[in-house]
Amino acid sequence: QVQVVESGGGLVQPGGSLKLSCTVSGFAFRDLLMRWYRQAPGKEREWLAIISVGGVTNYGDSARGRFTITRDNDKSSIYLQMDTLQPEDTAVYYCKATRGAEDYWGQGTQVTVSS
């Protein structure tokens with residue numbers, strides 16, 4: 001059974017940084033395409049970043065230049081380093097693992113940016 005678990009969310013002041021983690025179990029992590037999304041209250045889920053099996057990355061407009069996605073295959077994990085956070089970054093952040101046509105979502109981790 002595949003499990004996807006996010007962690008690292010919390011409360012941070014505007015201009016601050018936070019690093020999210022996502023750990024996958026029950027599957028060969030090296031075979032997985034990994035993505036980060038977020039969903040703010042009252043808004044649609046938004047794609048933020050992707051990292052391929054080979055480590056190639058790409059970012060959505062909201063993440064480009066401020067967020068960095070990385071992966072550690074030995075730890076079956078990906079990370080999202082978020083810098084220069086603003087109140088509009090407040091959302092639940094989700095990790096998604098993809099293998100072929102199958103997607104596996106985590107339960108999300110709350111990030112709140114407020115003074």
# chains A, B, ... in the order shown; residues from 1 in each chain; ligands from 1
call {"tool": "residues_around", "arguments": {"residues": "segment 22-25 of chain A", "least_positions_apart": "2", "cutoff": "6 Å", "atoms": "only C-alpha atoms", "output": "NGL selection string"}}
result
:A and (2-6 or 27 or 76-78)
call {"tool": "atom_distance", "arguments": {"atom1": "atom CA of Gly108 of chain A", "atom2": "atom CA of Glu88 of chain A"}}
result
17.3 Å
call {"tool": "residues_around", "arguments": {"residues": "Arg99 of chain A", "least_positions_apart": "4", "cutoff": "10 Å", "atoms": "only C-alpha atoms", "output": "ChimeraX atom specification"}}
result
/A:27-29,31-34,103-104
call {"tool": "closest_residue", "arguments": {"among": "A:Thr98, A:Thr90, A:Ser17, A:Ser7", "to": "Arg35 of chain A", "atoms": "only C-alpha atoms"}}
result
A:Thr98
call {"tool": "residues_around", "arguments": {"residues": "Gly10 of chain A", "least_positions_apart": "2", "cutoff": "10 Å", "atoms": "only C-alpha atoms", "output": "list in words"}}
result
Ser7, Gly8, Val12, Leu18, Lys19, Leu20, Thr90, Thr109, Gln110, Val111, Thr112 and Val113 of chain A
call {"tool": "write_last_selection", "arguments": {"atoms": "N, CA, C and O atoms", "output": "PDB file, in the first residue's frame"}}
result
ATOM      1  N   SER A   7       4.927  16.848   5.691  1.00  0.00           N
ATOM      2  CA  SER A   7       5.209  17.412   7.009  1.00  0.00           C
ATOM      3  C   SER A   7       5.974  18.715   6.835  1.00  0.00           C
ATOM      4  O   SER A   7       6.447  19.028   5.728  1.00  0.00           O
ATOM      5  N   GLY A   8       6.088  19.457   7.937  1.00  0.00           N
ATOM      6  CA  GLY A   8       6.889  20.673   7.913  1.00  0.00           C
ATOM      7  C   GLY A   8       6.108  21.965   7.860  1.00  0.00           C
ATOM      8  O   GLY A   8       6.691  23.048   7.901  1.00  0.00           O
ATOM      9  N   VAL A  12       4.441  30.993   9.888  1.00  0.00           N
ATOM     10  CA  VAL A  12       5.665  31.727   9.600  1.00  0.00           C
ATOM     11  C   VAL A  12       5.313  33.177   9.311  1.00  0.00           C
ATOM     12  O   VAL A  12       4.226  33.464   8.796  1.00  0.00           O
ATOM     13  N   LEU A  18      10.287  28.371   4.933  1.00  0.00           N
ATOM     14  CA  LEU A  18       9.800  27.110   5.476  1.00  0.00           C
ATOM     15  C   LEU A  18      10.196  26.011   4.514  1.00  0.00           C
ATOM     16  O   LEU A  18      10.224  26.228   3.283  1.00  0.00           O
ATOM     17  N   LYS A  19      10.499  24.837   5.037  1.00  0.00           N
ATOM     18  CA  LYS A  19      10.837  23.701   4.184  1.00  0.00           C
ATOM     19  C   LYS A  19       9.874  22.556   4.463  1.00  0.00           C
ATOM     20  O   LYS A  19       9.796  22.067   5.593  1.00  0.00           O
ATOM     21  N   LEU A  20       9.146  22.171   3.443  1.00  0.00           N
ATOM     22  CA  LEU A  20       8.218  21.059   3.548  1.00  0.00           C
ATOM     23  C   LEU A  20       8.887  19.762   3.105  1.00  0.00           C
ATOM     24  O   LEU A  20       9.761  19.770   2.233  1.00  0.00           O
ATOM     25  N   THR A  90      -0.499  31.353   2.098  1.00  0.00           N
ATOM     26  CA  THR A  90      -1.244  30.560   3.068  1.00  0.00           C
ATOM     27  C   THR A  90      -2.138  29.563   2.348  1.00  0.00           C
ATOM     28  O   THR A  90      -2.951  29.944   1.501  1.00  0.00           O
ATOM     29  N   THR A 109      -0.354  19.476   4.352  1.00  0.00           N
ATOM     30  CA  THR A 109       0.181  20.128   5.537  1.00  0.00           C
ATOM     31  C   THR A 109      -0.126  21.622   5.441  1.00  0.00           C
ATOM     32  O   THR A 109       0.040  22.234   4.384  1.00  0.00           O
ATOM     33  N   GLN A 110      -0.598  22.195   6.535  1.00  0.00           N
ATOM     34  CA  GLN A 110      -1.052  23.587   6.536  1.00  0.00           C
ATOM     35  C   GLN A 110       0.139  24.534   6.674  1.00  0.00           C
ATOM     36  O   GLN A 110       0.981  24.371   7.575  1.00  0.00           O
ATOM     37  N   VAL A 111       0.179  25.534   5.805  1.00  0.00           N
ATOM     38  CA  VAL A 111       1.151  26.616   5.909  1.00  0.00           C
ATOM     39  C   VAL A 111       0.377  27.920   6.076  1.00  0.00           C
ATOM     40  O   VAL A 111      -0.503  28.235   5.270  1.00  0.00           O
ATOM     41  N   THR A 112       0.694  28.643   7.134  1.00  0.00           N
ATOM     42  CA  THR A 112       0.048  29.918   7.403  1.00  0.00           C
ATOM     43  C   THR A 112       1.115  30.997   7.492  1.00  0.00           C
ATOM     44  O   THR A 112       2.055  30.873   8.299  1.00  0.00           O
ATOM     45  N   VAL A 113       0.966  32.024   6.674  1.00  0.00           N
ATOM     46  CA  VAL A 113       1.914  33.138   6.676  1.00  0.00           C
ATOM     47  C   VAL A 113       1.195  34.356   7.246  1.00  0.00           C
ATOM     48  O   VAL A 113       0.271  34.895   6.634  1.00  0.00           O
TER      49      VAL A 113
END
call {"tool": "closest_residue", "arguments": {"among": "A:Met82, A:Asp89, A:Gly106, A:Ser115", "to": "Pro41 of chain A", "atoms": "only C-alpha atoms"}}
result
A:Asp89
